[in-house]
Each structure stands twice: as C-alpha cells, then as structure tokens.
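Okay, structure first, notes after.
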Amino acid sequence: MKDYVKLYVCSDGVKAALVKGILEEHGIPVSMINKQDSSYIFLGDYELWVPEVFANEALAIFKEIALN
C-alpha cells in the first residue's frame with residue numbers, strides 16, 4: 001500500500017479491531033488486513049496500516065494504549 005506504514009501485527013482479530021477503533025476515534029484512518037488462512041484460523045495475522053502522514057501520531061497513541 002503506497003504511502004501507508006504497517007503499525008501493528010497480531011493474530012487476535014478482536015485485539016486488532018480494538019486498536020483500530022481507538023485510532024479511528026482519534027481521527028486516524030486505519031486499514032485492517034486479515035491475512036489469516038480461511039481453513040486454519042490459527043495461521044496468519046491481522047495487520048493495521050496507517051497513512052504515513054499519521055504514523056507518528058498513531059505510534060504515540062499505540063504506545064499509550066500498550067502502557068495502560
């Protein structure tokens with residue numbers, strides 16, 4: 001994805017959706033990509049991507065989430 005940076009990768013879709021929602025509440029557009037195998041849901045990850053112009057702000061919010 002051009003001009004986007006990968007912010008977060010995890011195997012838990014609920015956790016990824018929660019982080020996505022918090023970032024969107026702060027006005028940061030987020031794309032979530034599901035890379036899990038459709039036959040074996042324990043294989044693969046969810047990736048959160050944000051536009052490069054929002055990367056520093058998104059990272060600061062993500063660090064705040066992780067500390068709490």
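Letters A, B, ... go to the chains of the structure tokens in the order shown; residues in each chain start at 1; ligands are counted from 1 in the same order.
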Could you name the residues that touch segment 10-27 of chain A at 7 Å or less, counting only C-alpha atoms, but leaving out those on the same chain fewer than 5 positions away, as number ranges by chain?
A: 44-47, 58
Non-local contacts of Phe54 of chain A (10 Å; only C-alpha atoms; under 6 positions in same chain excluded) as a ChimeraX atom specification:
/A:4-5,27-30
Apply DSSP to the structure's backbone, then extract all residues of chain A labelled strand (DSSP E) and return them as a ChimeraX atom specification.
/A:4-10,31-34,46-51
Go ahead and write the residues just picked, N, CA and C atoms, as an mmCIF file, in the first residue's frame.
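Here's the written file selection.cif:
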```
data_model
loop_
_atom_site.group_PDB
_atom_site.id
_atom_site.type_symbol
_atom_site.label_atom_id
_atom_site.label_comp_id
_atom_site.auth_asym_id
_atom_site.auth_seq_id
_atom_site.Cartn_x
_atom_site.Cartn_y
_atom_site.Cartn_z
ATOM 1 N N TYR A 4 1.484 4.157 2.957
ATOM 2 C CA TYR A 4 0.985 3.621 4.221
ATOM 3 C C TYR A 4 2.137 2.911 4.931
ATOM 4 N N VAL A 5 2.068 2.862 6.247
ATOM 5 C CA VAL A 5 3.061 2.124 7.032
ATOM 6 C C VAL A 5 2.338 1.131 7.919
ATOM 7 N N LYS A 6 2.990 -0.002 8.125
ATOM 8 C CA LYS A 6 2.425 -1.032 8.991
ATOM 9 C C LYS A 6 2.672 -0.627 10.440
ATOM 10 N N LEU A 7 1.596 -0.528 11.206
ATOM 11 C CA LEU A 7 1.694 -0.095 12.592
ATOM 12 C C LEU A 7 1.682 -1.268 13.556
ATOM 13 N N TYR A 8 0.873 -2.287 13.265
ATOM 14 C CA TYR A 8 0.630 -3.330 14.258
ATOM 15 C C TYR A 8 0.295 -4.636 13.563
ATOM 16 N N VAL A 9 0.792 -5.727 14.114
ATOM 17 C CA VAL A 9 0.500 -7.066 13.613
ATOM 18 C C VAL A 9 0.182 -7.949 14.813
ATOM 19 N N CYS A 10 -0.928 -8.688 14.736
ATOM 20 C CA CYS A 10 -1.244 -9.652 15.794
ATOM 21 C C CYS A 10 -2.128 -10.753 15.222
ATOM 22 N N SER A 31 -6.389 0.935 7.981
ATOM 23 C CA SER A 31 -6.798 -0.209 7.162
ATOM 24 C C SER A 31 -6.369 -1.473 7.887
ATOM 25 N N MET A 32 -7.334 -2.385 8.076
ATOM 26 C CA MET A 32 -7.015 -3.658 8.722
ATOM 27 C C MET A 32 -7.053 -4.749 7.657
ATOM 28 N N ILE A 33 -5.971 -5.493 7.556
ATOM 29 C CA ILE A 33 -5.871 -6.561 6.572
ATOM 30 C C ILE A 33 -5.831 -7.892 7.306
ATOM 31 N N ASN A 34 -6.737 -8.767 6.934
ATOM 32 C CA ASN A 34 -6.813 -10.096 7.524
ATOM 33 C C ASN A 34 -5.990 -11.048 6.662
ATOM 34 N N TYR A 46 -3.408 -10.413 11.598
ATOM 35 C CA TYR A 46 -4.109 -9.201 11.201
ATOM 36 C C TYR A 46 -3.078 -8.081 11.192
ATOM 37 N N GLU A 47 -3.134 -7.241 10.191
ATOM 38 C CA GLU A 47 -2.201 -6.123 10.094
ATOM 39 C C GLU A 47 -2.986 -4.816 10.089
ATOM 40 N N LEU A 48 -2.490 -3.831 10.832
ATOM 41 C CA LEU A 48 -3.067 -2.490 10.822
ATOM 42 C C LEU A 48 -2.097 -1.558 10.118
ATOM 43 N N TRP A 49 -2.597 -0.861 9.116
ATOM 44 C CA TRP A 49 -1.806 0.064 8.319
ATOM 45 C C TRP A 49 -2.399 1.458 8.443
ATOM 46 N N VAL A 50 -1.556 2.464 8.575
ATOM 47 C CA VAL A 50 -1.998 3.858 8.660
ATOM 48 C C VAL A 50 -1.258 4.675 7.604
ATOM 49 N N PRO A 51 -1.894 5.760 7.138
ATOM 50 C CA PRO A 51 -1.185 6.628 6.191
ATOM 51 C C PRO A 51 0.103 7.169 6.829
#
```
Chain A: residues DSSP assigns to helix (DSSP H, G or I), reported as an MDAnalysis selection string:
chainID A and resid 13:25 52:67
Atomic distance atom CA of Asp3 of chain A - atom CA of Leu59 of chain A, expressed in Å with one decimal
15.8 Å
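Interatomic distance, atom CA of Glu57 of chain A against atom CA of Gln36 of chain A: 27.5 Å.
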